[in-house]
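Peer 1: Contents are PDB, C-alpha atoms and all ligand atoms; file name query.pdb:
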```pdb
ATOM      1  CA  MET Z1359      77.375 112.907 115.844  1.00  0.00           C
ATOM      2  CA  GLU Z1360      79.237 110.757 118.317  1.00  0.00           C
ATOM      3  CA  GLY Z1361      79.874 108.194 115.662  1.00  0.00           C
ATOM      4  CA  LEU Z1362      81.427 110.862 113.478  1.00  0.00           C
ATOM      5  CA  LEU Z1363      83.828 111.909 116.201  1.00  0.00           C
ATOM      6  CA  ILE Z1364      85.444 108.491 116.289  1.00  0.00           C
ATOM      7  CA  GLY Z1365      84.762 107.844 112.591  1.00  0.00           C
ATOM      8  CA  LEU Z1366      82.815 104.631 113.185  1.00  0.00           C
ATOM      9  CA  ARG Z1367      79.140 103.932 112.745  1.00  0.00           C
ATOM     10  CA  ASP Z1368      77.047 101.937 115.193  1.00  0.00           C
ATOM     11  CA  PHE Z1369      79.093 102.946 118.216  1.00  0.00           C
ATOM     12  CA  ALA Z1370      77.932 105.180 121.038  1.00  0.00           C
ATOM     13  CA  ILE Z1371      80.411 106.997 123.226  1.00  0.00           C
ATOM     14  CA  GLU Z1372      79.503 106.317 126.822  1.00  0.00           C
ATOM     15  CA  LYS Z1373      82.244 108.278 128.527  1.00  0.00           C
ATOM     16  CA  VAL Z1374      85.295 110.363 127.735  1.00  0.00           C
ATOM     17  CA  VAL Z1375      87.891 108.611 129.873  1.00  0.00           C
ATOM     18  CA  SER Z1376      90.668 111.039 129.001  1.00  0.00           C
ATOM     19  CA  HIS Z1377      91.092 114.049 126.683  1.00  0.00           C
ATOM     20  CA  VAL Z1378      94.884 113.869 126.340  1.00  0.00           C
ATOM     21  CA  PRO Z1379      95.399 111.309 124.929  1.00  0.00           C
ATOM     22  CA  PRO Z1380      91.789 110.868 123.724  1.00  0.00           C
ATOM     23  CA  VAL Z1381      90.337 107.718 125.252  1.00  0.00           C
ATOM     24  CA  PHE Z1382      86.652 106.885 124.900  1.00  0.00           C
ATOM     25  CA  GLU Z1383      84.506 104.266 126.486  1.00  0.00           C
ATOM     26  CA  ALA Z1384      82.270 103.069 123.680  1.00  0.00           C
ATOM     27  CA  ARG Z1385      79.389 100.700 123.223  1.00  0.00           C
ATOM     28  CA  TRP Z1386      78.567  98.738 120.100  1.00  0.00           C
ATOM     29  CA  THR Z1387      74.990  99.594 119.123  1.00  0.00           C
ATOM     30  CA  GLY Z1388      74.793  97.394 116.031  1.00  0.00           C
ATOM     31  CA  LYS Z1389      72.870  94.153 115.756  1.00  0.00           C
ATOM     32  CA  ASN Z1390      74.199  91.053 117.472  1.00  0.00           C
ATOM     33  CA  THR Z1391      73.560  87.860 115.587  1.00  0.00           C
ATOM     34  CA  CYS Z1392      75.092  84.407 115.792  1.00  0.00           C
ATOM     35  CA  PRO Z1393      77.834  84.172 113.103  1.00  0.00           C
ATOM     36  CA  HIS Z1394      77.122  80.418 112.753  1.00  0.00           C
ATOM     37  CA  CYS Z1395      73.363  80.353 112.204  1.00  0.00           C
ATOM     38  CA  GLY Z1396      72.228  84.005 112.131  1.00  0.00           C
ATOM     39  CA  CYS Z1397      69.969  83.630 115.156  1.00  0.00           C
ATOM     40  CA  GLU Z1398      69.349  86.733 117.284  1.00  0.00           C
ATOM     41  CA  LYS Z1399      68.348  84.922 120.473  1.00  0.00           C
ATOM     42  CA  LEU Z1400      71.553  85.129 122.464  1.00  0.00           C
ATOM     43  CA  ARG Z1401      72.485  84.731 126.089  1.00  0.00           C
ATOM     44  CA  ILE Z1402      75.355  86.725 127.585  1.00  0.00           C
ATOM     45  CA  LYS Z1403      77.771  84.380 129.324  1.00  0.00           C
ATOM     46  CA  ASP Z1404      80.646  86.735 130.041  1.00  0.00           C
ATOM     47  CA  SER Z1405      81.765  90.347 129.555  1.00  0.00           C
ATOM     48  CA  PHE Z1406      85.161  91.875 128.871  1.00  0.00           C
ATOM     49  CA  TRP Z1407      86.830  95.018 127.520  1.00  0.00           C
ATOM     50  CA  ARG Z1408      88.636  95.394 124.234  1.00  0.00           C
ATOM     51  CA  THR Z1409      91.143  98.208 123.801  1.00  0.00           C
ATOM     52  CA  ILE Z1410      91.306  99.357 120.206  1.00  0.00           C
ATOM     53  CA  ARG Z1411      93.568 101.902 118.566  1.00  0.00           C
ATOM     54  CA  ASN Z1412      91.701 104.366 116.414  1.00  0.00           C
ATOM     55  CA  ILE Z1413      92.448 107.394 114.233  1.00  0.00           C
ATOM     56  CA  SER Z1414      94.168 110.453 115.650  1.00  0.00           C
ATOM     57  CA  ILE Z1415      91.978 113.255 116.947  1.00  0.00           C
ATOM     58  CA  HIS Z1416      93.611 116.706 116.834  1.00  0.00           C
ATOM     59  CA  GLY Z1417      96.908 114.981 116.119  1.00  0.00           C
ATOM     60  CA  ARG Z1418      96.702 112.617 119.074  1.00  0.00           C
ATOM     61  CA  ALA Z1419      96.356 108.855 118.794  1.00  0.00           C
ATOM     62  CA  SER Z1420      92.976 107.864 120.192  1.00  0.00           C
ATOM     63  CA  ARG Z1421      91.867 104.683 121.918  1.00  0.00           C
ATOM     64  CA  LEU Z1422      88.498 103.046 122.323  1.00  0.00           C
ATOM     65  CA  LEU Z1423      87.553 100.890 125.267  1.00  0.00           C
ATOM     66  CA  ILE Z1424      84.711  98.707 124.082  1.00  0.00           C
ATOM     67  CA  ARG Z1425      82.590  96.555 126.326  1.00  0.00           C
ATOM     68  CA  CYS Z1426      82.187  93.176 124.623  1.00  0.00           C
ATOM     69  CA  HIS Z1427      80.370  89.994 125.519  1.00  0.00           C
ATOM     70  CA  LYS Z1428      80.751  86.305 125.135  1.00  0.00           C
ATOM     71  CA  TYR Z1429      77.445  84.945 123.877  1.00  0.00           C
ATOM     72  CA  ARG Z1430      75.828  81.562 123.672  1.00  0.00           C
ATOM     73  CA  CYS Z1431      73.437  81.148 120.788  1.00  0.00           C
ATOM     74  CA  GLU Z1432      70.075  79.836 121.972  1.00  0.00           C
ATOM     75  CA  SER Z1433      69.445  78.194 118.636  1.00  0.00           C
ATOM     76  CA  CYS Z1434      72.677  76.329 117.747  1.00  0.00           C
ATOM     77  CA  GLY Z1435      74.318  76.358 121.190  1.00  0.00           C
ATOM     78  CA  ARG Z1436      77.631  77.713 119.959  1.00  0.00           C
ATOM     79  CA  TYR Z1437      79.712  80.394 121.677  1.00  0.00           C
ATOM     80  CA  PHE Z1438      81.127  83.531 120.149  1.00  0.00           C
ATOM     81  CA  ASN Z1439      82.272  87.027 121.103  1.00  0.00           C
ATOM     82  CA  THR Z1440      80.699  90.331 120.060  1.00  0.00           C
ATOM     83  CA  ARG Z1441      81.478  91.101 116.423  1.00  0.00           C
ATOM     84  CA  LEU Z1442      82.224  94.780 115.855  1.00  0.00           C
ATOM     85  CA  ALA Z1443      81.794  96.334 112.434  1.00  0.00           C
ATOM     86  CA  GLY Z1444      85.026  97.957 111.262  1.00  0.00           C
ATOM     87  CA  ILE Z1445      87.201  95.993 113.709  1.00  0.00           C
ATOM     88  CA  LYS Z1446      88.445  92.520 112.830  1.00  0.00           C
ATOM     89  CA  VAL Z1447      87.928  89.738 115.366  1.00  0.00           C
ATOM     90  CA  TRP Z1448      91.523  89.508 116.625  1.00  0.00           C
ATOM     91  CA  SER Z1449      92.641  93.013 115.700  1.00  0.00           C
ATOM     92  CA  ARG Z1450      93.550  95.730 118.155  1.00  0.00           C
ATOM     93  CA  THR Z1451      93.219  98.402 115.486  1.00  0.00           C
ATOM     94  CA  THR Z1452      90.216  99.760 113.612  1.00  0.00           C
ATOM     95  CA  GLU Z1453      90.126  99.234 109.850  1.00  0.00           C
ATOM     96  CA  LEU Z1454      89.706 103.017 109.635  1.00  0.00           C
ATOM     97  CA  LEU Z1455      93.109 103.603 111.212  1.00  0.00           C
ATOM     98  CA  LYS Z1456      94.680 101.013 108.893  1.00  0.00           C
ATOM     99  CA  ARG Z1457      93.159 102.808 105.908  1.00  0.00           C
ATOM    100  CA  ASN Z1458      94.503 106.172 107.155  1.00  0.00           C
ATOM    101  CA  ILE Z1459      97.966 104.652 107.519  1.00  0.00           C
ATOM    102  CA  PHE Z1460      97.745 103.163 104.033  1.00  0.00           C
ATOM    103  CA  GLN Z1461      96.769 106.536 102.547  1.00  0.00           C
ATOM    104  CA  ALA Z1462      99.512 108.420 104.406  1.00  0.00           C
ATOM    105  CA  TYR Z1463     102.102 105.887 103.198  1.00  0.00           C
ATOM    106  CA  ASN Z1464     100.862 106.257  99.610  1.00  0.00           C
ATOM    107  CA  LYS Z1465     101.239 110.021  99.890  1.00  0.00           C
ATOM    108  CA  GLY Z1466     104.903 109.533 100.731  1.00  0.00           C
ATOM    109  CA  VAL Z1467     104.806 110.017 104.515  1.00  0.00           C
ATOM    110  CA  SER Z1468     107.610 107.911 106.014  1.00  0.00           C
ATOM    111  CA  CYS Z1469     106.918 104.832 108.150  1.00  0.00           C
ATOM    112  CA  LYS Z1470     108.671 106.520 111.046  1.00  0.00           C
ATOM    113  CA  ASP Z1471     106.485 109.645 110.886  1.00  0.00           C
ATOM    114  CA  ILE Z1472     103.317 107.555 110.627  1.00  0.00           C
ATOM    115  CA  ALA Z1473     104.458 105.414 113.576  1.00  0.00           C
ATOM    116  CA  ASN Z1474     105.144 108.534 115.668  1.00  0.00           C
ATOM    117  CA  GLU Z1475     101.812 110.127 114.826  1.00  0.00           C
ATOM    118  CA  HIS Z1476      99.810 107.070 115.839  1.00  0.00           C
ATOM    119  CA  ARG Z1477     102.155 106.004 118.644  1.00  0.00           C
ATOM    120  CA  ILE Z1478     102.704 102.565 117.201  1.00  0.00           C
ATOM    121  CA  GLY Z1479     105.803 100.698 116.063  1.00  0.00           C
ATOM    122  CA  VAL Z1480     107.261 100.937 112.546  1.00  0.00           C
ATOM    123  CA  ALA Z1481     106.688  97.170 112.168  1.00  0.00           C
ATOM    124  CA  SER Z1482     102.956  97.693 112.802  1.00  0.00           C
ATOM    125  CA  VAL Z1483     102.798 100.395 110.123  1.00  0.00           C
ATOM    126  CA  GLU Z1484     104.345  97.969 107.634  1.00  0.00           C
ATOM    127  CA  ARG Z1485     102.035  95.159 108.719  1.00  0.00           C
ATOM    128  CA  TYR Z1486      98.886  97.305 108.287  1.00  0.00           C
ATOM    129  CA  TYR Z1487     100.131  98.524 104.927  1.00  0.00           C
ATOM    130  CA  HIS Z1488     100.556  94.954 103.686  1.00  0.00           C
ATOM    131  CA  GLN Z1489      97.163  93.941 105.055  1.00  0.00           C
ATOM    132  CA  MET Z1490      95.545  96.805 103.151  1.00  0.00           C
ATOM    133  CA  MET Z1491      97.488  95.916  99.995  1.00  0.00           C
ATOM    134  CA  GLN Z1492      96.278  92.315 100.193  1.00  0.00           C
ATOM    135  CA  HIS Z1493      92.750  93.492 100.823  1.00  0.00           C
ATOM    136  CA  LYS Z1494      92.886  95.849  97.819  1.00  0.00           C
ATOM    137  CA  SER Z1495      94.445  93.343  95.443  1.00  0.00           C
ATOM    138  CA  SER Z1496      91.837  90.694  96.298  1.00  0.00           C
ATOM    139  CA  HIS Z1497      89.196  93.352  95.699  1.00  0.00           C
ATOM    140  CA  TRP Z1498      90.663  94.086  92.246  1.00  0.00           C
ATOM    141  CA  ALA Z1499      90.966  90.397  91.414  1.00  0.00           C
ATOM    142  CA  ASN Z1500      87.264  89.920  92.104  1.00  0.00           C
ATOM    143  CA  ARG Z1501      86.212  92.799  89.928  1.00  0.00           C
ATOM    144  CA  THR Z1502      84.712  91.916  86.623  1.00  0.00           C
ATOM    145  CA  CYS Z1503      86.436  93.208  83.577  1.00  0.00           C
ATOM    146  CA  PRO Z1504      84.723  96.242  82.037  1.00  0.00           C
ATOM    147  CA  ARG Z1505      83.003  95.404  78.789  1.00  0.00           C
ATOM    148  CA  ILE Z1506      83.436  98.797  77.229  1.00  0.00           C
ATOM    149  CA  LEU Z1507      86.375 101.110  77.573  1.00  0.00           C
ATOM    150  CA  GLY Z1508      86.165 104.737  76.615  1.00  0.00           C
ATOM    151  CA  ILE Z1509      89.243 106.619  75.535  1.00  0.00           C
ATOM    152  CA  ASP Z1510      89.519 110.340  75.802  1.00  0.00           C
ATOM    153  CA  GLU Z1511      92.406 112.638  75.039  1.00  0.00           C
ATOM    154  CA  HIS Z1512      93.050 116.118  76.322  1.00  0.00           C
ATOM    155  CA  ARG Z1513      95.644 118.451  74.969  1.00  0.00           C
ATOM    156  CA  PHE Z1514      97.145 120.686  77.641  1.00  0.00           C
ATOM    157  CA  THR Z1515     100.005 122.802  76.403  1.00  0.00           C
ATOM    158  CA  ARG Z1516     102.579 122.106  73.716  1.00  0.00           C
ATOM    159  CA  ARG Z1517     105.149 121.312  76.375  1.00  0.00           C
ATOM    160  CA  GLN Z1518     102.978 118.972  78.444  1.00  0.00           C
ATOM    161  CA  GLY Z1519     101.506 117.215  75.456  1.00  0.00           C
ATOM    162  CA  PHE Z1520      98.472 114.955  75.706  1.00  0.00           C
ATOM    163  CA  ALA Z1521      96.883 113.120  78.562  1.00  0.00           C
ATOM    164  CA  THR Z1522      95.020 109.972  77.678  1.00  0.00           C
ATOM    165  CA  THR Z1523      92.167 109.003  79.933  1.00  0.00           C
ATOM    166  CA  VAL Z1524      90.836 105.475  79.806  1.00  0.00           C
ATOM    167  CA  LEU Z1525      87.441 105.241  81.362  1.00  0.00           C
ATOM    168  CA  ARG Z1526      85.150 102.446  82.168  1.00  0.00           C
ATOM    169  CA  LEU Z1527      81.653 102.832  80.849  1.00  0.00           C
ATOM    170  CA  GLY Z1528      78.748 100.969  82.330  1.00  0.00           C
ATOM    171  CA  PRO Z1529      77.102  98.124  80.440  1.00  0.00           C
ATOM    172  CA  PRO Z1530      74.715  99.339  77.736  1.00  0.00           C
ATOM    173  CA  GLN Z1531      71.198  99.834  79.068  1.00  0.00           C
ATOM    174  CA  GLY Z1532      68.352  97.686  77.856  1.00  0.00           C
ATOM    175  CA  ILE Z1533      70.444  95.073  76.073  1.00  0.00           C
TER     176      ILE Z1533
HETATM  177 ZN    ZN Z1601      73.680  80.020 116.328  1.00  0.00          ZN
END
```
Represent the supplied structure as structure tokens.

Peer 2:
Amino acid sequence: MEGLLIGLRDFAIEKVVSHVPPVFEARWTGKNTCPHCGCEKLRIKDSFWRTIRNISIHGRASRLLIRCHKYRCESCGRYFNTRLAGIKVWSRTTELLKRNIFQAYNKGVSCKDIANEHRIGVASVERYYHQMMQHKSSHWANRTCPRILGIDEHRFTRRQGFATTVLRLGPPQGI
């Protein structure tokens, strides 16, 4: 339930710091493992707060204050900071907010309106949009080409003519 409110899984809201604007103190409840060797035996060496912009709630830009730690891996001895799912290591914005911005932009909402809604600069809107574009195009590049294409045609009205739908069919079963 709490996760749904902020749109992120594996986070628990510890405290509502402010309602207007919405600011939440949150804790990462996911698994902490060493990114170098995968070990789960970690020692906390330091703690700090990360302030992250998140999606708007009731039309107001929300913020998350997340308690993070600097860990030392007991197995390989290397140091690293808490890795949060849905938030990139150096980012101050959730991937969810970036995706919302990307979708709004694609729907034709202007950069300025998006920037105002989320209380960020126009340059940030453009930067997130390009990041999402890069992410999407690398995703498409990695996709395997469909082996079978289906083609379907619908006739609407005389004026509108035909719509051709090209669909991807799954690989044949049992071959
Ligand atoms: Zn390690």

Peer 1: Skip range 1446-1450 of chain Z itself and residues of its chain fewer than 4 positions away, then list as a list of chain:residue names all residues within 12 Å of it, counting all atoms listed in the file.

Peer 2: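 Once the adjacent positions are removed, what remains is Z:Pro1393, Z:Trp1407, Z:Arg1408, Z:Thr1409, Z:Ile1410, Z:Arg1411, Z:Asn1412, Z:Arg1421, Z:Leu1422, Z:Leu1423, Z:Ile1424, Z:Cys1426, Z:Phe1438, Z:Asn1439, Z:Thr1440, Z:Arg1441, Z:Leu1442, Z:Leu1454, Z:Leu1455, Z:Lys1456, Z:Ile1478, Z:Ser1482, Z:Arg1485, Z:Tyr1486, Z:Gln1489.
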
Peer 1: Write to file, as a short mmCIF file (atom, residue, chain, number, x, y, z; two decimals), in the frame of the given file, the residues of the selection just made, with C-alpha atoms.

Peer 2:
```
data_model
loop_
_atom_site.label_atom_id
_atom_site.label_comp_id
_atom_site.auth_asym_id
_atom_site.auth_seq_id
_atom_site.Cartn_x
_atom_site.Cartn_y
_atom_site.Cartn_z
CA PRO Z 1393 77.83 84.17 113.10
CA TRP Z 1407 86.83 95.02 127.52
CA ARG Z 1408 88.64 95.39 124.23
CA THR Z 1409 91.14 98.21 123.80
CA ILE Z 1410 91.31 99.36 120.21
CA ARG Z 1411 93.57 101.90 118.57
CA ASN Z 1412 91.70 104.37 116.41
CA ARG Z 1421 91.87 104.68 121.92
CA LEU Z 1422 88.50 103.05 122.32
CA LEU Z 1423 87.55 100.89 125.27
CA ILE Z 1424 84.71 98.71 124.08
CA CYS Z 1426 82.19 93.18 124.62
CA PHE Z 1438 81.13 83.53 120.15
CA ASN Z 1439 82.27 87.03 121.10
CA THR Z 1440 80.70 90.33 120.06
CA ARG Z 1441 81.48 91.10 116.42
CA LEU Z 1442 82.22 94.78 115.86
CA LEU Z 1454 89.71 103.02 109.64
CA LEU Z 1455 93.11 103.60 111.21
CA LYS Z 1456 94.68 101.01 108.89
CA ILE Z 1478 102.70 102.56 117.20
CA SER Z 1482 102.96 97.69 112.80
CA ARG Z 1485 102.04 95.16 108.72
CA TYR Z 1486 98.89 97.30 108.29
CA GLN Z 1489 97.16 93.94 105.06
#
```

Peer 1: Would you mind telling me which residue in Z:Gly1417, Z:Gly1466, Z:Gly1435, Z:Gly1444 lies nearest to ligand ZN 1601 (chain Z) when using only C-alpha atoms and all ligand atoms?

Peer 2: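 Smallest separation from ligand ZN 1601 (chain Z) among the options: Z:Gly1435.
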
Peer 1: Which residues form the shell of 8 Å around ligand ZN 1601 (chain Z) when you count all atoms listed in the file, given as JSON, numbers by chain?

Peer 2: {"Z": [1391, 1392, 1393, 1394, 1395, 1396, 1397, 1430, 1431, 1432, 1433, 1434, 1435, 1436]}

Peer 1: Would you write out those residues with C-alpha atoms, as a compact mmCIF listing (two decimals), in the coordinates of the input?

Peer 2:
```txt
# COMPACT_ATOMS: atom_id res chain seq x y z
CA THR Z 1391 73.56 87.86 115.59
CA CYS Z 1392 75.09 84.41 115.79
CA PRO Z 1393 77.83 84.17 113.10
CA HIS Z 1394 77.12 80.42 112.75
CA CYS Z 1395 73.36 80.35 112.20
CA GLY Z 1396 72.23 84.00 112.13
CA CYS Z 1397 69.97 83.63 115.16
CA ARG Z 1430 75.83 81.56 123.67
CA CYS Z 1431 73.44 81.15 120.79
CA GLU Z 1432 70.08 79.84 121.97
CA SER Z 1433 69.44 78.19 118.64
CA CYS Z 1434 72.68 76.33 117.75
CA GLY Z 1435 74.32 76.36 121.19
CA ARG Z 1436 77.63 77.71 119.96
```

Peer 1: With distances taken over only C-alpha atoms, which residue among Z:Asp1471, Z:Ile1445, Z:Asn1458, Z:His1416 lies nearest Phe1369 in chain Z?

Peer 2: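 With only C-alpha atoms as the atom set, the closest residue is Z:Ile1445.
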
Peer 1: For CA of Lys1470 in chain Z and CA of Arg1457 in chain Z, determine how far apart the two atoms are, in Å to one decimal place.

Peer 2: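 That distance, rounded to one decimal, is 16.8 Å.
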
Peer 1: Under the rule that all atoms listed in the file are counted, which of Z:Glu1453, Z:Asp1404, Z:Glu1372, Z:His1427 is the nearest residue to His1493 in chain Z?

Peer 2: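 Going through Z:Glu1453, Z:Asp1404, Z:Glu1372, Z:His1427 one by one, the smallest distance to His1493 in chain Z is for Z:Glu1453.
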
Peer 1: Suppose you want the space between CA of Arg1477 in chain Z and CA of Ala1419 in chain Z; what is it in Å?

Peer 2: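 According to the coordinates, CA of Arg1477 in chain Z and CA of Ala1419 in chain Z are separated by 6.5 Å.
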
Peer 1: Select, from Z:Lys1373, Z:Arg1385, Z:His1476, Z:Arg1367, the residue with the minimum atom-to-atom distance to Ile1415 in chain Z, counting only C-alpha atoms.

Peer 2: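 For Ile1415 in chain Z, the nearest of the given residues is Z:His1476.
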
Peer 1: Name the closest residue to Ser1414 in chain Z among the candidates Z:Ser1468, Z:Ser1495, Z:His1488, Z:Pro1380; distances are taken between atoms, counting only C-alpha atoms.

Peer 2: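 Counting only C-alpha atoms, the residue closest to Ser1414 in chain Z is Z:Pro1380.
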
Peer 1: For CA of Thr1452 in chain Z and CA of Ala1499 in chain Z, determine how far apart the two atoms are, in Å to one decimal place.

Peer 2: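 Those two atoms sit 24.1 Å apart.
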